[in-house]
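First the structure, in the form of structure tokens, and then the observations on it.
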Number of protein chains: 2
Amino acid sequence: MGRLRTFDVDEALAAALETFWQQGYDGTPIQALCQAMGLQPGSVYAAFGSKRALFVAAVHRYIDTVSAEAIERINGAPSGLEGLRAYFGHLVDAMVDGKRQWGCLITNSLVEFAERDPELSGLFRLHLARLETSFAAALARARADGELSPGAGPEAATMLVALVQGMNVMAKSKPGRRQLQVIADAALAGLTASPPAA
Amino acid sequence: MGRLRTFDVDEALAAALETFWQQGYDGTPIQALCQAMGLQPGSVYAAFGSKRALFVAAVHRYIDTVSAEAIERINGAPSGLEGLRAYFGHLVDAMVDGKRQWGCLITNSLVEFAERDPELSGLFRLHLARLETSFAAALARARADGELSPGAGPEAATMLVALVQGMNVMAKSKPGRRQLQVIADAALAGLTASPPAA
DNA sequence: TGTATAGTTGAGCAAGCACTCAATAATGGA
DNA sequence: TCCATTATTGAGTGCTTGCTCAACTATACA
């Protein structure tokens, strides 16, 4: 019994996520979140507890939707190399047209929180490790299918994670599609490059 | 005539730079800057005008000292490839031991300001372009000396800039030396793609 | 319908923020 | 020595922040 919620919690969380993604944590006052969510402060605090808790919930939603979808492109491809190409292709598209113009919520937040919030930092590191695992699996598949150059070992997965972080940063500087495409192509070219003609 | 300054402006700026570098712009209240600089608010405002102006001065100091020194390692090496190796080697060292544990002031600030300060964003983009130019020159030298694989074109410079941004992000997640070294090695291995040299 | 329960409202609070300014102190030149 | 000028001091300004709460509204069940 009692009055029922007049708003959809997940819908409100989605709005908060977009606001944090675009403006960062410190850059987003509660007032702005309330406006984006269409709620009063009291409702926000009743539903989420605190600004930080709302942010943590938004990060989890980001991981479960945006990141999960991206990683699924790696795992769901017919071959390892195609998976990597699909991942980077979509990344570039979203950085030119879509919400990834704002970079990546994880990357942005890692930069913002690394020096002051060990708990959140741990969450972000965990996410990077998951991405690396997916890259490593795709590289292993690609290697098994003979798609990689002999020089490309499993360490390449670590390098690709770093490269994606870098692209996330670059995306915020409003680059052209060409620049982003060049980065992705150069990375994959380094993995597939046929062995130097003796 | 009149009373003389009792503090060294450049020394104070160096202290402010370190604080901004470590904690970010929004993460650093004027009070913290005053403490780091050993000054009262009035003196800070008399000397620098505003928090933002102080930050801009700190960024310029960073570019003229920290970044300039790093880039000089590329240009000052006997060969193109050695220049790149020296650059990345020093980067890894500073990320493990030194102040680059805090990442890179430019990278951190690009993430923080991209969506709200076009003037600063332009400055950061300019800096990335300068880094790319140095990479491109080193790659051209390396190519002329036959140090690169046939597949490594001038686009590799753009990729390296992105990779460095990514390493700057990763540095903030307190990685081991091994992880950073792997990233740098994998990137250069993709350019040289020559099996030996273990 | 009445009542206990739970959600919504929005003015308002304490704390922290960037910044200011009148008072004070130190300097060079008259 | 005195004075005009400039630097330093630090309490204080108005504003924004994250957050609260008493009043109000809607609901389920008796």
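Following the order of the structure tokens, chains are lettered A, B, ..., residues in each are numbered from 1, and ligands are numbered from 1.
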
Please report, as JSON lines, each residue of chain B lying at most 10 Å from chain D, together with the nearest pair of atoms and the separation in Å rounded to one decimal; use only C-alpha atoms (C1' of nucleotides), and order rows by chain and ascending residue number.
{"residue": "B:Met1", "atom": "CA", "partner": "D:DT5", "partner_atom": "C1'", "distance": 6.0}
{"residue": "B:Gly2", "atom": "CA", "partner": "D:DT6", "partner_atom": "C1'", "distance": 4.0}
{"residue": "B:Arg3", "atom": "CA", "partner": "D:DT6", "partner_atom": "C1'", "distance": 4.8}
{"residue": "B:Leu4", "atom": "CA", "partner": "D:DA7", "partner_atom": "C1'", "distance": 6.3}
{"residue": "B:Arg5", "atom": "CA", "partner": "D:DA7", "partner_atom": "C1'", "distance": 6.1}
{"residue": "B:Thr6", "atom": "CA", "partner": "D:DA7", "partner_atom": "C1'", "distance": 7.9}
{"residue": "B:Leu39", "atom": "CA", "partner": "D:DT8", "partner_atom": "C1'", "distance": 9.0}
{"residue": "B:Gln40", "atom": "CA", "partner": "D:DT9", "partner_atom": "C1'", "distance": 7.1}
{"residue": "B:Pro41", "atom": "CA", "partner": "D:DG10", "partner_atom": "C1'", "distance": 8.5}
{"residue": "B:Gly42", "atom": "CA", "partner": "D:DT8", "partner_atom": "C1'", "distance": 7.6}
{"residue": "B:Ser43", "atom": "CA", "partner": "D:DT8", "partner_atom": "C1'", "distance": 6.6}
{"residue": "B:Ala46", "atom": "CA", "partner": "D:DA7", "partner_atom": "C1'", "distance": 8.8}
{"residue": "B:Ala47", "atom": "CA", "partner": "D:DA7", "partner_atom": "C1'", "distance": 10.0}

So that I have them on file, write out the residues from the current selection with N, CA and C atoms, as a PDB file, in the first residue's frame.
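New file again_12.pdb:
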ATOM      1  N   MET B   1      59.027  51.984  -7.595  1.00  0.00           N
ATOM      2  CA  MET B   1      58.726  52.108  -6.176  1.00  0.00           C
ATOM      3  C   MET B   1      57.556  51.198  -5.771  1.00  0.00           C
ATOM      4  N   GLY B   2      57.290  51.140  -4.505  1.00  0.00           N
ATOM      5  CA  GLY B   2      56.262  50.244  -3.999  1.00  0.00           C
ATOM      6  C   GLY B   2      56.871  48.983  -3.439  1.00  0.00           C
ATOM      7  N   ARG B   3      56.082  48.257  -2.702  1.00  0.00           N
ATOM      8  CA  ARG B   3      56.582  47.015  -2.098  1.00  0.00           C
ATOM      9  C   ARG B   3      56.917  45.977  -3.174  1.00  0.00           C
ATOM     10  N   LEU B   4      57.923  45.162  -2.919  1.00  0.00           N
ATOM     11  CA  LEU B   4      58.344  44.141  -3.885  1.00  0.00           C
ATOM     12  C   LEU B   4      57.667  42.808  -3.572  1.00  0.00           C
ATOM     13  N   ARG B   5      57.545  41.956  -4.620  1.00  0.00           N
ATOM     14  CA  ARG B   5      56.998  40.604  -4.436  1.00  0.00           C
ATOM     15  C   ARG B   5      57.880  39.818  -3.475  1.00  0.00           C
ATOM     16  N   THR B   6      57.236  39.102  -2.574  1.00  0.00           N
ATOM     17  CA  THR B   6      58.028  38.313  -1.621  1.00  0.00           C
ATOM     18  C   THR B   6      58.093  36.840  -2.033  1.00  0.00           C
ATOM     19  N   LEU B  39      50.616  30.872  -0.408  1.00  0.00           N
ATOM     20  CA  LEU B  39      50.157  32.257  -0.569  1.00  0.00           C
ATOM     21  C   LEU B  39      48.731  32.423  -0.040  1.00  0.00           C
ATOM     22  N   GLN B  40      48.342  33.661   0.163  1.00  0.00           N
ATOM     23  CA  GLN B  40      46.973  33.991   0.514  1.00  0.00           C
ATOM     24  C   GLN B  40      46.188  34.240  -0.777  1.00  0.00           C
ATOM     25  N   PRO B  41      44.858  34.072  -0.694  1.00  0.00           N
ATOM     26  CA  PRO B  41      44.038  34.274  -1.891  1.00  0.00           C
ATOM     27  C   PRO B  41      44.330  35.602  -2.593  1.00  0.00           C
ATOM     28  N   GLY B  42      44.430  36.661  -1.814  1.00  0.00           N
ATOM     29  CA  GLY B  42      44.664  37.983  -2.398  1.00  0.00           C
ATOM     30  C   GLY B  42      45.904  38.030  -3.279  1.00  0.00           C
ATOM     31  N   SER B  43      46.975  37.406  -2.803  1.00  0.00           N
ATOM     32  CA  SER B  43      48.218  37.401  -3.576  1.00  0.00           C
ATOM     33  C   SER B  43      48.062  36.612  -4.873  1.00  0.00           C
ATOM     34  N   ALA B  46      46.026  38.708  -7.220  1.00  0.00           N
ATOM     35  CA  ALA B  46      46.806  39.852  -7.696  1.00  0.00           C
ATOM     36  C   ALA B  46      47.790  39.410  -8.781  1.00  0.00           C
ATOM     37  N   ALA B  47      48.348  38.211  -8.628  1.00  0.00           N
ATOM     38  CA  ALA B  47      49.387  37.759  -9.549  1.00  0.00           C
ATOM     39  C   ALA B  47      48.823  37.085 -10.797  1.00  0.00           C
TER      40      ALA B  47
END

Using only C-alpha atoms, which residues of chain B come within 7 Å of chain A, and what is the closest atom pair for each, with the distance in Å to one decimal? Give it as CSV, sorted by chain and residue number.
residue,atom,partner,partner_atom,distance
B:Gln23,CA,A:Glu115,CA,6.7
B:Asp26,CA,A:Asp26,CA,6.8
B:Asn108,CA,A:Val111,CA,6.1
B:Val111,CA,A:Asn108,CA,6.1
B:Ala114,CA,A:Lys172,CA,5.8
B:Glu115,CA,A:Gln23,CA,6.7
B:Ser121,CA,A:Ser173,CA,6.8
B:Arg125,CA,A:Ser173,CA,6.6
B:Ser149,CA,A:Pro196,CA,6.4
B:Gly151,CA,A:Ala193,CA,6.3
B:Glu155,CA,A:Val182,CA,6.2
B:Ala156,CA,A:Ala186,CA,5.9
B:Thr158,CA,A:Ile183,CA,6.1
B:Met159,CA,A:Ile183,CA,4.4
B:Ala162,CA,A:Gly166,CA,4.5
B:Leu163,CA,A:Leu163,CA,4.7
B:Val164,CA,A:Gly166,CA,6.8
B:Gln165,CA,A:Gly166,CA,4.5
B:Gly166,CA,A:Gly166,CA,3.6
B:Met167,CA,A:Ala162,CA,5.8
B:Val169,CA,A:Val111,CA,6.4
B:Met170,CA,A:Ala162,CA,6.7
B:Lys172,CA,A:Ala114,CA,5.8
B:Ser173,CA,A:Ala114,CA,6.4
B:Val182,CA,A:Glu155,CA,6.2
B:Ile183,CA,A:Met159,CA,4.4
B:Ala186,CA,A:Ala156,CA,6.0
B:Ala187,CA,A:Met159,CA,7.0
B:Gly190,CA,A:Gly190,CA,4.2
B:Leu191,CA,A:Gly190,CA,6.4
B:Ala193,CA,A:Gly151,CA,6.2
B:Ser194,CA,A:Pro196,CA,6.6
B:Pro195,CA,A:Gly151,CA,6.0

Please dump the current selection as a PDB file, in the first residue's frame; keep C-alpha atoms.
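So part-v1.pdb came out as:
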ATOM      1  CA  GLN B  23      43.694  16.697  -8.719  1.00  0.00           C
ATOM      2  CA  ASP B  26      37.263  21.179 -10.502  1.00  0.00           C
ATOM      3  CA  ASN B 108      43.223  14.935 -18.075  1.00  0.00           C
ATOM      4  CA  VAL B 111      38.585  15.057 -20.822  1.00  0.00           C
ATOM      5  CA  ALA B 114      36.118  19.273 -23.954  1.00  0.00           C
ATOM      6  CA  GLU B 115      32.366  19.728 -23.507  1.00  0.00           C
ATOM      7  CA  SER B 121      39.995  22.538 -26.097  1.00  0.00           C
ATOM      8  CA  ARG B 125      44.162  19.897 -29.813  1.00  0.00           C
ATOM      9  CA  SER B 149      58.094  -2.577 -41.883  1.00  0.00           C
ATOM     10  CA  GLY B 151      53.131  -1.694 -43.941  1.00  0.00           C
ATOM     11  CA  GLU B 155      49.186   7.270 -40.498  1.00  0.00           C
ATOM     12  CA  ALA B 156      51.060   5.467 -37.750  1.00  0.00           C
ATOM     13  CA  THR B 158      48.135   9.462 -35.606  1.00  0.00           C
ATOM     14  CA  MET B 159      47.805   6.022 -34.078  1.00  0.00           C
ATOM     15  CA  ALA B 162      46.023   8.018 -29.642  1.00  0.00           C
ATOM     16  CA  LEU B 163      48.040   5.286 -27.973  1.00  0.00           C
ATOM     17  CA  VAL B 164      49.859   7.817 -25.803  1.00  0.00           C
ATOM     18  CA  GLN B 165      46.517   9.322 -24.757  1.00  0.00           C
ATOM     19  CA  GLY B 166      45.425   5.828 -23.833  1.00  0.00           C
ATOM     20  CA  MET B 167      48.580   5.188 -21.830  1.00  0.00           C
ATOM     21  CA  VAL B 169      44.557   7.178 -19.015  1.00  0.00           C
ATOM     22  CA  MET B 170      45.885   3.755 -18.040  1.00  0.00           C
ATOM     23  CA  LYS B 172      45.934   6.668 -13.610  1.00  0.00           C
ATOM     24  CA  SER B 173      44.724   3.146 -12.881  1.00  0.00           C
ATOM     25  CA  VAL B 182      53.784  -4.299 -23.032  1.00  0.00           C
ATOM     26  CA  ILE B 183      51.670  -1.548 -24.556  1.00  0.00           C
ATOM     27  CA  ALA B 186      53.387  -3.925 -28.900  1.00  0.00           C
ATOM     28  CA  ALA B 187      52.893  -0.598 -30.658  1.00  0.00           C
ATOM     29  CA  GLY B 190      53.584  -3.408 -35.032  1.00  0.00           C
ATOM     30  CA  LEU B 191      55.656  -0.768 -36.821  1.00  0.00           C
ATOM     31  CA  ALA B 193      57.164  -6.167 -37.438  1.00  0.00           C
ATOM     32  CA  SER B 194      60.540  -7.767 -37.690  1.00  0.00           C
ATOM     33  CA  PRO B 195      60.546 -11.142 -35.889  1.00  0.00           C
TER      34      PRO B 195
END

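Since chain A and chain B are the same sequence, their C-alpha atoms pair in order, and the RMSD after least-squares superposition is 2.1 Å.
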
Given a cut-off of 10 Å, which residues of chain C touch chain A, counting only C-alpha atoms (C1' of nucleotides), written out as an mmCIF file with N, CA and C atoms (P, O5', C5', C4', C3', O3' and C1' of nucleotides), in the first residue's frame?
data_model
loop_
_atom_site.group_PDB
_atom_site.id
_atom_site.type_symbol
_atom_site.label_atom_id
_atom_site.label_comp_id
_atom_site.auth_asym_id
_atom_site.auth_seq_id
_atom_site.Cartn_x
_atom_site.Cartn_y
_atom_site.Cartn_z
ATOM 1 P P DA C 4 -4.466 5.015 11.326
ATOM 2 O "O5'" DA C 4 -3.245 4.126 10.848
ATOM 3 C "C5'" DA C 4 -3.460 2.752 10.500
ATOM 4 C "C4'" DA C 4 -2.590 2.392 9.314
ATOM 5 C "C3'" DA C 4 -1.131 2.863 9.410
ATOM 6 O "O3'" DA C 4 -0.284 1.794 9.070
ATOM 7 C "C1'" DA C 4 -2.093 3.618 7.386
ATOM 8 P P DT C 5 1.348 1.990 9.065
ATOM 9 O "O5'" DT C 5 1.635 2.257 7.525
ATOM 10 C "C5'" DT C 5 1.219 1.284 6.544
ATOM 11 C "C4'" DT C 5 1.578 1.806 5.169
ATOM 12 C "C3'" DT C 5 3.012 2.322 5.038
ATOM 13 O "O3'" DT C 5 3.627 1.632 3.972
ATOM 14 C "C1'" DT C 5 1.465 3.856 4.093
ATOM 15 P P DA C 6 5.294 1.603 3.883
ATOM 16 O "O5'" DA C 6 5.542 2.439 2.559
ATOM 17 C "C5'" DA C 6 4.818 2.094 1.377
ATOM 18 C "C4'" DA C 6 4.749 3.307 0.466
ATOM 19 C "C3'" DA C 6 6.098 4.029 0.260
ATOM 20 O "O3'" DA C 6 6.304 4.160 -1.127
ATOM 21 C "C1'" DA C 6 4.394 5.570 0.759
ATOM 22 P P DG C 7 7.671 4.680 -1.742
ATOM 23 O "O5'" DG C 7 7.137 5.909 -2.584
ATOM 24 C "C5'" DG C 7 6.143 5.661 -3.586
ATOM 25 C "C4'" DG C 7 5.730 6.985 -4.206
ATOM 26 C "C3'" DG C 7 6.888 7.837 -4.722
ATOM 27 O "O3'" DG C 7 6.490 8.413 -5.955
ATOM 28 C "C1'" DG C 7 5.693 9.046 -3.072
ATOM 29 P P DT C 8 7.429 9.439 -6.742
ATOM 30 O "O5'" DT C 8 6.825 10.824 -6.255
ATOM 31 C "C5'" DT C 8 5.509 11.201 -6.655
ATOM 32 C "C4'" DT C 8 5.290 12.665 -6.316
ATOM 33 C "C3'" DT C 8 6.364 13.621 -6.847
ATOM 34 O "O3'" DT C 8 5.714 14.648 -7.565
ATOM 35 C "C1'" DT C 8 6.005 13.982 -4.524
ATOM 36 P P DT C 9 6.592 15.797 -8.277
ATOM 37 O "O5'" DT C 9 6.545 16.984 -7.230
ATOM 38 C "C5'" DT C 9 5.286 17.443 -6.733
ATOM 39 C "C4'" DT C 9 5.518 18.492 -5.657
ATOM 40 C "C3'" DT C 9 6.554 19.557 -6.021
ATOM 41 O "O3'" DT C 9 5.902 20.813 -6.131
ATOM 42 C "C1'" DT C 9 6.843 18.763 -3.776
ATOM 43 P P DG C 10 6.491 21.926 -7.153
ATOM 44 O "O5'" DG C 10 7.395 22.800 -6.183
ATOM 45 C "C5'" DG C 10 6.813 23.396 -5.033
ATOM 46 C "C4'" DG C 10 7.909 23.837 -4.083
ATOM 47 C "C3'" DG C 10 9.110 24.534 -4.746
ATOM 48 O "O3'" DG C 10 9.560 25.560 -3.880
ATOM 49 C "C1'" DG C 10 9.879 22.774 -3.470
#

Could you pull the residues within 7 Å of segment 85-88 of chain B, counting only C-alpha atoms (C1' of nucleotides), minus those fewer than 2 positions along the same chain, as JSON, numbers by chain?
{"B": [70, 73, 74, 81, 82, 83, 90, 91, 92, 184]}

Let me see the file: selected residues, N, CA and C atoms, as a PDB file, in the first residue's frame.
ATOM      1  N   ALA B  70      59.755  15.866 -23.082  1.00  0.00           N
ATOM      2  CA  ALA B  70      59.402  14.555 -23.622  1.00  0.00           C
ATOM      3  C   ALA B  70      59.586  14.517 -25.133  1.00  0.00           C
ATOM      4  N   ARG B  73      63.029  14.186 -26.584  1.00  0.00           N
ATOM      5  CA  ARG B  73      63.602  12.835 -26.631  1.00  0.00           C
ATOM      6  C   ARG B  73      63.382  12.180 -27.985  1.00  0.00           C
ATOM      7  N   ILE B  74      62.279  12.554 -28.636  1.00  0.00           N
ATOM      8  CA  ILE B  74      62.036  12.012 -29.977  1.00  0.00           C
ATOM      9  C   ILE B  74      63.011  12.633 -30.967  1.00  0.00           C
ATOM     10  N   LEU B  81      63.730   5.507 -34.986  1.00  0.00           N
ATOM     11  CA  LEU B  81      63.209   4.454 -34.113  1.00  0.00           C
ATOM     12  C   LEU B  81      63.734   4.590 -32.685  1.00  0.00           C
ATOM     13  N   GLU B  82      65.014   4.964 -32.577  1.00  0.00           N
ATOM     14  CA  GLU B  82      65.569   5.174 -31.238  1.00  0.00           C
ATOM     15  C   GLU B  82      64.849   6.317 -30.526  1.00  0.00           C
ATOM     16  N   GLY B  83      64.482   7.338 -31.281  1.00  0.00           N
ATOM     17  CA  GLY B  83      63.730   8.450 -30.707  1.00  0.00           C
ATOM     18  C   GLY B  83      62.407   7.974 -30.125  1.00  0.00           C
ATOM     19  N   HIS B  90      60.895   6.565 -21.535  1.00  0.00           N
ATOM     20  CA  HIS B  90      60.792   7.581 -20.483  1.00  0.00           C
ATOM     21  C   HIS B  90      59.361   7.729 -19.976  1.00  0.00           C
ATOM     22  N   LEU B  91      58.405   7.615 -20.896  1.00  0.00           N
ATOM     23  CA  LEU B  91      56.989   7.696 -20.533  1.00  0.00           C
ATOM     24  C   LEU B  91      56.653   6.612 -19.509  1.00  0.00           C
ATOM     25  N   VAL B  92      57.069   5.392 -19.802  1.00  0.00           N
ATOM     26  CA  VAL B  92      56.789   4.272 -18.904  1.00  0.00           C
ATOM     27  C   VAL B  92      57.439   4.514 -17.542  1.00  0.00           C
ATOM     28  N   ALA B 184      53.676  -0.254 -24.934  1.00  0.00           N
ATOM     29  CA  ALA B 184      54.651   0.456 -25.765  1.00  0.00           C
ATOM     30  C   ALA B 184      55.345  -0.503 -26.730  1.00  0.00           C
TER      31      ALA B 184
END
